[in-house]
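Peer 1: Next comes structure-v1.pdb, PDB, C-alpha atoms:
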ATOM      1  CA  MET A1459       0.000   0.000   0.000  1.00  0.00           C
ATOM      2  CA  GLY A1460       2.814   2.419   0.735  1.00  0.00           C
ATOM      3  CA  ARG A1461       4.163   1.822  -2.723  1.00  0.00           C
ATOM      4  CA  GLU A1462       0.890   2.698  -4.480  1.00  0.00           C
ATOM      5  CA  GLY A1463       0.524   5.914  -2.457  1.00  0.00           C
ATOM      6  CA  GLY A1464       4.048   6.835  -3.498  1.00  0.00           C
ATOM      7  CA  ARG A1465       3.090   6.535  -7.166  1.00  0.00           C
ATOM      8  CA  ARG A1466       0.053   8.753  -6.784  1.00  0.00           C
ATOM      9  CA  ARG A1467       2.040  11.674  -5.437  1.00  0.00           C
ATOM     10  CA  PRO A1468       4.185  12.101  -8.614  1.00  0.00           C
ATOM     11  CA  LEU A1469       1.058  11.740 -10.787  1.00  0.00           C
ATOM     12  CA  THR A1470      -0.703  14.396  -8.711  1.00  0.00           C
ATOM     13  CA  VAL A1471       2.263  16.739  -9.047  1.00  0.00           C
ATOM     14  CA  VAL A1472       2.336  16.196 -12.831  1.00  0.00           C
ATOM     15  CA  ALA A1473      -1.438  16.730 -13.107  1.00  0.00           C
ATOM     16  CA  VAL A1474      -1.247  19.982 -11.115  1.00  0.00           C
ATOM     17  CA  ALA A1475       1.689  21.189 -13.234  1.00  0.00           C
ATOM     18  CA  VAL A1476      -0.157  20.397 -16.490  1.00  0.00           C
ATOM     19  CA  ALA A1477      -3.356  22.087 -15.248  1.00  0.00           C
ATOM     20  CA  THR A1478      -1.396  25.179 -14.191  1.00  0.00           C
ATOM     21  CA  ALA A1479       0.299  25.352 -17.594  1.00  0.00           C
ATOM     22  CA  LEU A1480      -3.062  25.045 -19.382  1.00  0.00           C
ATOM     23  CA  VAL A1481      -4.624  27.802 -17.270  1.00  0.00           C
ATOM     24  CA  ALA A1482      -1.618  30.077 -17.930  1.00  0.00           C
ATOM     25  CA  LEU A1483      -1.815  29.353 -21.678  1.00  0.00           C
ATOM     26  CA  GLY A1484      -5.570  30.044 -21.681  1.00  0.00           C
ATOM     27  CA  LEU A1485      -5.084  33.356 -19.875  1.00  0.00           C
ATOM     28  CA  TYR A1486      -2.345  34.375 -22.318  1.00  0.00           C
ATOM     29  CA  TRP A1487      -4.394  33.390 -25.381  1.00  0.00           C
ATOM     30  CA  PHE A1488      -7.823  34.777 -24.408  1.00  0.00           C
ATOM     31  CA  GLU A1489      -6.726  37.791 -22.296  1.00  0.00           C
ATOM     32  CA  PRO A1490     -10.082  37.783 -20.451  1.00  0.00           C
ATOM     33  CA  TRP A1491      -9.176  40.803 -18.300  1.00  0.00           C
ATOM     34  CA  LYS A1492      -9.473  43.000 -21.416  1.00  0.00           C
ATOM     35  CA  LEU A1493     -13.245  42.531 -21.316  1.00  0.00           C
ATOM     36  CA  TRP A1494     -13.282  44.761 -18.227  1.00  0.00           C
ATOM     37  CA  GLN A1495     -10.636  47.265 -19.363  1.00  0.00           C
ATOM     38  CA  ASP A1496     -11.595  50.150 -21.616  1.00  0.00           C
ATOM     39  CA  GLU A1497      -9.012  52.109 -23.575  1.00  0.00           C
ATOM     40  CA  LYS A1498     -10.366  55.523 -24.613  1.00  0.00           C
ATOM     41  CA  VAL A1499      -8.661  57.488 -27.384  1.00  0.00           C
ATOM     42  CA  SER A1500      -9.517  61.109 -28.246  1.00  0.00           C
ATOM     43  CA  GLU A1501      -7.549  62.094 -31.350  1.00  0.00           C
ATOM     44  CA  ALA A1502      -8.428  65.186 -33.341  1.00  0.00           C
ATOM     45  CA  LEU A1503      -8.650  64.962 -37.098  1.00  0.00           C
ATOM     46  CA  PRO A1504      -5.165  65.645 -38.510  1.00  0.00           C
ATOM     47  CA  ALA A1505      -4.669  69.387 -38.992  1.00  0.00           C
ATOM     48  CA  SER A1506      -4.705  71.042 -42.368  1.00  0.00           C
ATOM     49  CA  ALA A1507      -1.417  71.766 -44.086  1.00  0.00           C
ATOM     50  CA  PRO A1508       0.569  74.545 -42.411  1.00  0.00           C
ATOM     51  CA  SER A1509       0.321  77.929 -44.089  1.00  0.00           C
ATOM     52  CA  ARG A1510       3.342  79.281 -45.913  1.00  0.00           C
ATOM     53  CA  PRO A1511       5.132  82.176 -44.312  1.00  0.00           C
ATOM     54  CA  GLY A1512       5.143  85.308 -46.382  1.00  0.00           C
ATOM     55  CA  GLY A1513       5.819  89.003 -46.260  1.00  0.00           C
ATOM     56  CA  ALA A1514       3.406  91.808 -45.502  1.00  0.00           C
ATOM     57  CA  GLY A1515       0.367  91.704 -47.709  1.00  0.00           C
ATOM     58  CA  SER A1516       1.063  88.157 -48.901  1.00  0.00           C
ATOM     59  CA  ALA A1517      -1.873  86.705 -46.957  1.00  0.00           C
ATOM     60  CA  SER A1518      -4.324  87.929 -49.581  1.00  0.00           C
ATOM     61  CA  ALA A1519      -2.213  86.510 -52.420  1.00  0.00           C
ATOM     62  CA  VAL A1520      -1.939  82.993 -50.973  1.00  0.00           C
ATOM     63  CA  PRO A1521      -5.204  81.036 -51.038  1.00  0.00           C
ATOM     64  CA  ALA A1522      -6.200  79.267 -47.824  1.00  0.00           C
ATOM     65  CA  PRO A1523      -5.276  75.594 -47.817  1.00  0.00           C
ATOM     66  CA  PRO A1524      -8.176  73.252 -48.510  1.00  0.00           C
ATOM     67  CA  SER A1525      -9.799  71.672 -45.497  1.00  0.00           C
ATOM     68  CA  PRO A1526     -10.097  67.936 -44.870  1.00  0.00           C
ATOM     69  CA  ARG A1527     -12.988  66.386 -46.810  1.00  0.00           C
ATOM     70  CA  THR A1528     -14.909  63.196 -46.073  1.00  0.00           C
ATOM     71  CA  VAL A1529     -14.959  61.050 -49.234  1.00  0.00           C
ATOM     72  CA  ALA A1530     -16.708  57.952 -47.816  1.00  0.00           C
ATOM     73  CA  GLN A1531     -18.401  56.962 -44.597  1.00  0.00           C
ATOM     74  CA  GLY A1532     -20.500  54.334 -42.882  1.00  0.00           C
ATOM     75  CA  SER A1533     -21.984  53.284 -39.544  1.00  0.00           C
ATOM     76  CA  LEU A1534     -20.570  50.355 -37.608  1.00  0.00           C
ATOM     77  CA  ILE A1535     -22.819  47.356 -36.946  1.00  0.00           C
ATOM     78  CA  SER A1536     -22.223  44.692 -34.317  1.00  0.00           C
ATOM     79  CA  HIS A1537     -20.796  41.275 -35.045  1.00  0.00           C
ATOM     80  CA  GLU A1538     -19.068  39.190 -32.353  1.00  0.00           C
ATOM     81  CA  HIS A1539     -19.310  42.087 -29.869  1.00  0.00           C
ATOM     82  CA  THR A1540     -21.655  45.065 -29.618  1.00  0.00           C
ATOM     83  CA  THR A1541     -20.015  47.796 -31.705  1.00  0.00           C
ATOM     84  CA  THR A1542     -21.209  51.296 -32.599  1.00  0.00           C
ATOM     85  CA  GLY A1543     -19.699  54.408 -34.141  1.00  0.00           C
ATOM     86  CA  THR A1544     -18.986  56.059 -37.469  1.00  0.00           C
ATOM     87  CA  VAL A1545     -16.215  55.315 -39.954  1.00  0.00           C
ATOM     88  CA  LYS A1546     -14.992  58.030 -42.314  1.00  0.00           C
ATOM     89  CA  ILE A1547     -12.358  58.119 -45.008  1.00  0.00           C
ATOM     90  CA  VAL A1548     -11.029  61.663 -45.050  1.00  0.00           C
ATOM     91  CA  ARG A1549      -8.923  63.294 -47.767  1.00  0.00           C
ATOM     92  CA  LEU A1550      -6.449  65.608 -46.070  1.00  0.00           C
ATOM     93  CA  PRO A1551      -5.220  68.902 -47.598  1.00  0.00           C
ATOM     94  CA  ASP A1552      -1.929  67.291 -48.658  1.00  0.00           C
ATOM     95  CA  GLY A1553      -3.852  64.684 -50.733  1.00  0.00           C
ATOM     96  CA  SER A1554      -3.289  61.788 -48.348  1.00  0.00           C
ATOM     97  CA  HIS A1555      -6.157  59.831 -46.806  1.00  0.00           C
ATOM     98  CA  THR A1556      -6.884  58.744 -43.259  1.00  0.00           C
ATOM     99  CA  LEU A1557      -9.502  56.418 -41.871  1.00  0.00           C
ATOM    100  CA  ARG A1558     -11.280  58.001 -38.919  1.00  0.00           C
ATOM    101  CA  LEU A1559     -13.319  56.209 -36.270  1.00  0.00           C
ATOM    102  CA  GLU A1560     -15.683  58.566 -34.456  1.00  0.00           C
ATOM    103  CA  GLY A1561     -17.673  57.679 -31.366  1.00  0.00           C
ATOM    104  CA  LEU A1562     -16.322  54.129 -31.420  1.00  0.00           C
ATOM    105  CA  ASP A1563     -17.703  51.915 -28.682  1.00  0.00           C
ATOM    106  CA  THR A1564     -16.849  48.211 -28.708  1.00  0.00           C
ATOM    107  CA  SER A1565     -15.445  45.566 -26.391  1.00  0.00           C
ATOM    108  CA  ASN A1566     -11.750  45.362 -25.819  1.00  0.00           C
ATOM    109  CA  GLY A1567     -10.071  42.160 -26.916  1.00  0.00           C
ATOM    110  CA  PRO A1568      -6.838  40.506 -27.900  1.00  0.00           C
ATOM    111  CA  ASP A1569      -5.081  41.508 -31.110  1.00  0.00           C
ATOM    112  CA  LEU A1570      -7.720  43.868 -32.543  1.00  0.00           C
ATOM    113  CA  ARG A1571      -6.947  45.465 -35.915  1.00  0.00           C
ATOM    114  CA  VAL A1572      -8.558  48.022 -38.230  1.00  0.00           C
ATOM    115  CA  TRP A1573      -8.983  46.657 -41.746  1.00  0.00           C
ATOM    116  CA  LEU A1574     -10.143  48.122 -45.044  1.00  0.00           C
ATOM    117  CA  THR A1575     -11.768  45.243 -46.963  1.00  0.00           C
ATOM    118  CA  ASP A1576     -13.612  44.381 -50.145  1.00  0.00           C
ATOM    119  CA  ALA A1577     -16.104  42.133 -48.321  1.00  0.00           C
ATOM    120  CA  PRO A1578     -19.784  42.979 -48.118  1.00  0.00           C
ATOM    121  CA  VAL A1579     -21.019  43.811 -44.617  1.00  0.00           C
ATOM    122  CA  LYS A1580     -23.563  41.215 -43.463  1.00  0.00           C
ATOM    123  CA  GLU A1581     -25.736  41.364 -40.356  1.00  0.00           C
ATOM    124  CA  GLY A1582     -25.485  38.709 -37.641  1.00  0.00           C
ATOM    125  CA  THR A1583     -23.233  35.683 -37.480  1.00  0.00           C
ATOM    126  CA  ALA A1584     -23.131  35.454 -41.300  1.00  0.00           C
ATOM    127  CA  GLY A1585     -20.866  38.522 -41.275  1.00  0.00           C
ATOM    128  CA  TRP A1586     -18.469  37.514 -38.507  1.00  0.00           C
ATOM    129  CA  ARG A1587     -15.816  35.735 -40.572  1.00  0.00           C
ATOM    130  CA  VAL A1588     -16.050  37.047 -44.159  1.00  0.00           C
ATOM    131  CA  PHE A1589     -13.478  39.836 -44.062  1.00  0.00           C
ATOM    132  CA  ASP A1590     -10.337  37.740 -44.476  1.00  0.00           C
ATOM    133  CA  ASP A1591     -11.815  35.807 -47.435  1.00  0.00           C
ATOM    134  CA  GLY A1592     -10.946  38.472 -49.990  1.00  0.00           C
ATOM    135  CA  LYS A1593      -8.810  41.556 -50.256  1.00  0.00           C
ATOM    136  CA  TYR A1594      -7.973  43.572 -47.143  1.00  0.00           C
ATOM    137  CA  VAL A1595      -5.419  46.058 -45.851  1.00  0.00           C
ATOM    138  CA  SER A1596      -4.548  46.225 -42.167  1.00  0.00           C
ATOM    139  CA  LEU A1597      -4.207  49.830 -41.033  1.00  0.00           C
ATOM    140  CA  GLY A1598      -2.759  48.764 -37.694  1.00  0.00           C
ATOM    141  CA  LYS A1599      -3.729  47.782 -34.181  1.00  0.00           C
ATOM    142  CA  LEU A1600      -6.895  49.300 -32.762  1.00  0.00           C
ATOM    143  CA  LYS A1601      -5.664  52.157 -30.567  1.00  0.00           C
ATOM    144  CA  GLY A1602      -8.549  51.921 -28.134  1.00  0.00           C
ATOM    145  CA  ASN A1603     -11.978  50.380 -27.905  1.00  0.00           C
ATOM    146  CA  LYS A1604     -13.695  53.733 -27.280  1.00  0.00           C
ATOM    147  CA  GLY A1605     -13.428  57.233 -28.706  1.00  0.00           C
ATOM    148  CA  ASP A1606     -12.160  58.996 -31.827  1.00  0.00           C
ATOM    149  CA  GLN A1607      -9.044  57.838 -33.662  1.00  0.00           C
ATOM    150  CA  ASN A1608      -7.184  58.144 -36.975  1.00  0.00           C
ATOM    151  CA  TYR A1609      -5.407  55.557 -39.113  1.00  0.00           C
ATOM    152  CA  PRO A1610      -3.287  56.753 -42.070  1.00  0.00           C
ATOM    153  CA  ILE A1611      -4.075  54.936 -45.312  1.00  0.00           C
ATOM    154  CA  PRO A1612      -0.959  54.027 -47.322  1.00  0.00           C
ATOM    155  CA  ALA A1613      -0.621  56.061 -50.535  1.00  0.00           C
ATOM    156  CA  ASP A1614      -0.532  52.929 -52.725  1.00  0.00           C
ATOM    157  CA  VAL A1615      -3.984  51.752 -51.540  1.00  0.00           C
ATOM    158  CA  LYS A1616      -6.622  52.171 -54.267  1.00  0.00           C
ATOM    159  CA  LEU A1617      -9.652  53.181 -52.223  1.00  0.00           C
ATOM    160  CA  SER A1618     -12.032  52.220 -55.052  1.00  0.00           C
ATOM    161  CA  GLU A1619     -11.115  48.556 -54.414  1.00  0.00           C
ATOM    162  CA  TYR A1620     -12.406  48.572 -50.805  1.00  0.00           C
ATOM    163  CA  SER A1621     -16.015  48.793 -49.713  1.00  0.00           C
ATOM    164  CA  SER A1622     -15.963  48.199 -45.969  1.00  0.00           C
ATOM    165  CA  VAL A1623     -14.088  48.522 -42.694  1.00  0.00           C
ATOM    166  CA  THR A1624     -13.920  45.961 -39.901  1.00  0.00           C
ATOM    167  CA  ILE A1625     -12.626  45.905 -36.352  1.00  0.00           C
ATOM    168  CA  TRP A1626     -10.963  42.516 -36.741  1.00  0.00           C
ATOM    169  CA  CYS A1627      -9.741  40.162 -34.010  1.00  0.00           C
ATOM    170  CA  ASP A1628      -6.672  38.641 -35.658  1.00  0.00           C
ATOM    171  CA  ARG A1629      -6.212  36.073 -32.909  1.00  0.00           C
ATOM    172  CA  PHE A1630      -9.630  34.476 -33.394  1.00  0.00           C
ATOM    173  CA  ASP A1631     -10.336  35.497 -37.025  1.00  0.00           C
ATOM    174  CA  VAL A1632     -13.606  37.233 -36.228  1.00  0.00           C
ATOM    175  CA  SER A1633     -15.112  40.683 -36.759  1.00  0.00           C
ATOM    176  CA  PHE A1634     -16.143  42.627 -33.663  1.00  0.00           C
ATOM    177  CA  GLY A1635     -18.034  45.086 -35.893  1.00  0.00           C
ATOM    178  CA  ALA A1636     -17.993  46.467 -39.434  1.00  0.00           C
ATOM    179  CA  ALA A1637     -19.257  49.288 -41.627  1.00  0.00           C
ATOM    180  CA  ALA A1638     -20.122  49.430 -45.328  1.00  0.00           C
ATOM    181  CA  LEU A1639     -18.608  52.535 -46.915  1.00  0.00           C
ATOM    182  CA  THR A1640     -20.610  54.828 -49.167  1.00  0.00           C
ATOM    183  CA  SER A1641     -19.163  57.734 -51.134  1.00  0.00           C
ATOM    184  CA  THR A1642     -20.161  61.228 -50.046  1.00  0.00           C
TER     185      THR A1642
END
As structure tokens, please, write out the structure in this file.

Peer 2:
Amino acid sequence: MGREGGRRRPLTVVAVAVATALVALGLYWFEPWKLWQDEKVSEALPASAPSRPGGAGSASAVPAPPSPRTVAQGSLISHEHTTTGTVKIVRLPDGSHTLRLEGLDTSNGPDLRVWLTDAPVKEGTAGWRVFDDGKYVSLGKLKGNKGDQNYPIPADVKLSEYSSVTIWCDRFDVSFGAAALTST
């Protein structure tokens, strides 16, 4: 009997070690604490191009720089997590474009990205996993799950090839929310 009890102790130690490793791996992978942590971002729209310095009287000769102009926009709908807000593609005075999230409100999560995609936006679970099936451009990690934020769009991106935006969880290949873009 003493011998059998001696065998159980090493098995118990191994089982506890394996269970601890699995819990640690699960915590690392799912990052459940993020569900209770909000990250608010309040970025202003990028400023217009700086004015050129000039001599006296030159202000009337130099036209004012153009202001930023919204060229496409859409409203976010919920997918895997409740998501609201507005998405805008804004042409800046220097000719570059930025994607702007305004009034974003979604859950926090692991490895969230902002993607421009060519996928149609579908309601419900049918729309959760479609965005990586076609063409997409990652504009970077989501800066925060609440607020207003800007994401520069690379100059080589042909905006006419993209019709939607998604807040994409790269770790689990699922959309938290998405918006169809319409030209303004």

Peer 1: In Å to one decimal, how far is CA of Val1632 in chain A from CA of His1537 in chain A?

Peer 2: 8.3 Å

Peer 1: Using only C-alpha atoms, which protein or nucleic acid residues come within 8 Å of Thr1556 in chain A? Drop anything in the same chain fewer than 4 positions from it, and give the result as number ranges by chain.

Peer 2: A: 1547-1550, 1608-1611

Peer 1: Might you pull out every residue within 6 Å of Gln1607 in chain A, with only C-alpha atoms counted and same-chain residues fewer than 2 positions away left off, and present them as a PyMOL selection string?

Peer 2: chain A and resi 1501+1558-1559

Peer 1: Quick check on the file I pasted: which residues fall under the PyMOL selection byres ((chain A and resi 1524) around 6)? Write them as an mmCIF file with C-alpha atoms, in the frame of the given file.

Peer 2:
data_model
loop_
_atom_site.group_PDB
_atom_site.id
_atom_site.type_symbol
_atom_site.label_atom_id
_atom_site.label_comp_id
_atom_site.auth_asym_id
_atom_site.auth_seq_id
_atom_site.Cartn_x
_atom_site.Cartn_y
_atom_site.Cartn_z
ATOM 1 C CA PRO A 1523 -5.276 75.594 -47.817
ATOM 2 C CA SER A 1525 -9.799 71.672 -45.497
ATOM 3 C CA PRO A 1551 -5.220 68.902 -47.598
#

Peer 1: Of the candidates A:Gly1602, A:Val1499, A:Ala1475, A:Gln1531, which shows the shortest atom-to-atom distance to Thr1642 in chain A, using only C-alpha atoms?

Peer 2: A:Gln1531

Peer 1: With all atoms of range 1596-1611 of chain A from the file as input, state the centre and edge lengths in Å to one decimal of the axis-aligned box that has 6 Å extra on each side, as AutoDock Vina command-line options.

Peer 2:
--center_x -8.2 --center_y 52.6 --center_z -36.3 --size_x 22.9 --size_y 24.8 --size_z 30.0

Peer 1: If you apply the PyMOL selection byres ((chain A and resi 1612) around 12) to this file, what residues do you get, as JSON, numbers by chain?

Peer 2: {"A": [1553, 1554, 1555, 1556, 1557, 1574, 1595, 1596, 1597, 1598, 1609, 1610, 1611, 1613, 1614, 1615, 1616, 1617]}

Peer 1: For a quick check of understanding, using all atoms listed in the file, which of A:Thr1541, A:Thr1564, A:Thr1528, A:Thr1640 has the smallest distance to Leu1503 in chain A?

Peer 2: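 Ranking A:Thr1541, A:Thr1564, A:Thr1528, A:Thr1640 by distance to Leu1503 in chain A, first place goes to A:Thr1528.
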
Peer 1: Which residue is closest to Thr1575 in chain A? Choose from A:Thr1544, A:Asn1603, A:Ser1536, A:Ser1618 and count only C-alpha atoms.

Peer 2: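 Among the listed residues, A:Ser1618 lies closest to Thr1575 in chain A.
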
Peer 1: Quick one: residues within 10 Å of range 1585-1588 of chain A, only C-alpha atoms counted, chain neighbours fewer than 6 positions away excluded, as number ranges by chain?

Peer 2: A: 1536-1539, 1575-1579, 1624, 1626-1627, 1630-1636

Peer 1: Considering only C-alpha atoms, state which residue in the set A:Val1529, A:Lys1604, A:Ala1584, A:Asp1628 is at the smallest distance from Pro1568 in chain A.

Peer 2: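 Looking at the shortest contact to Pro1568 in chain A, the residue is A:Asp1628.
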
Peer 1: What is the CA of Asp1552 in chain A-CA of Ala1638 in chain A distance in Å, reported with one decimal?

Peer 2: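 Between CA of Asp1552 in chain A and CA of Ala1638 in chain A the gap is 25.7 Å.
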
Peer 1: CA of Val1545 in chain A and CA of Leu1562 in chain A are how many Å apart?

Peer 2: 8.6 Å
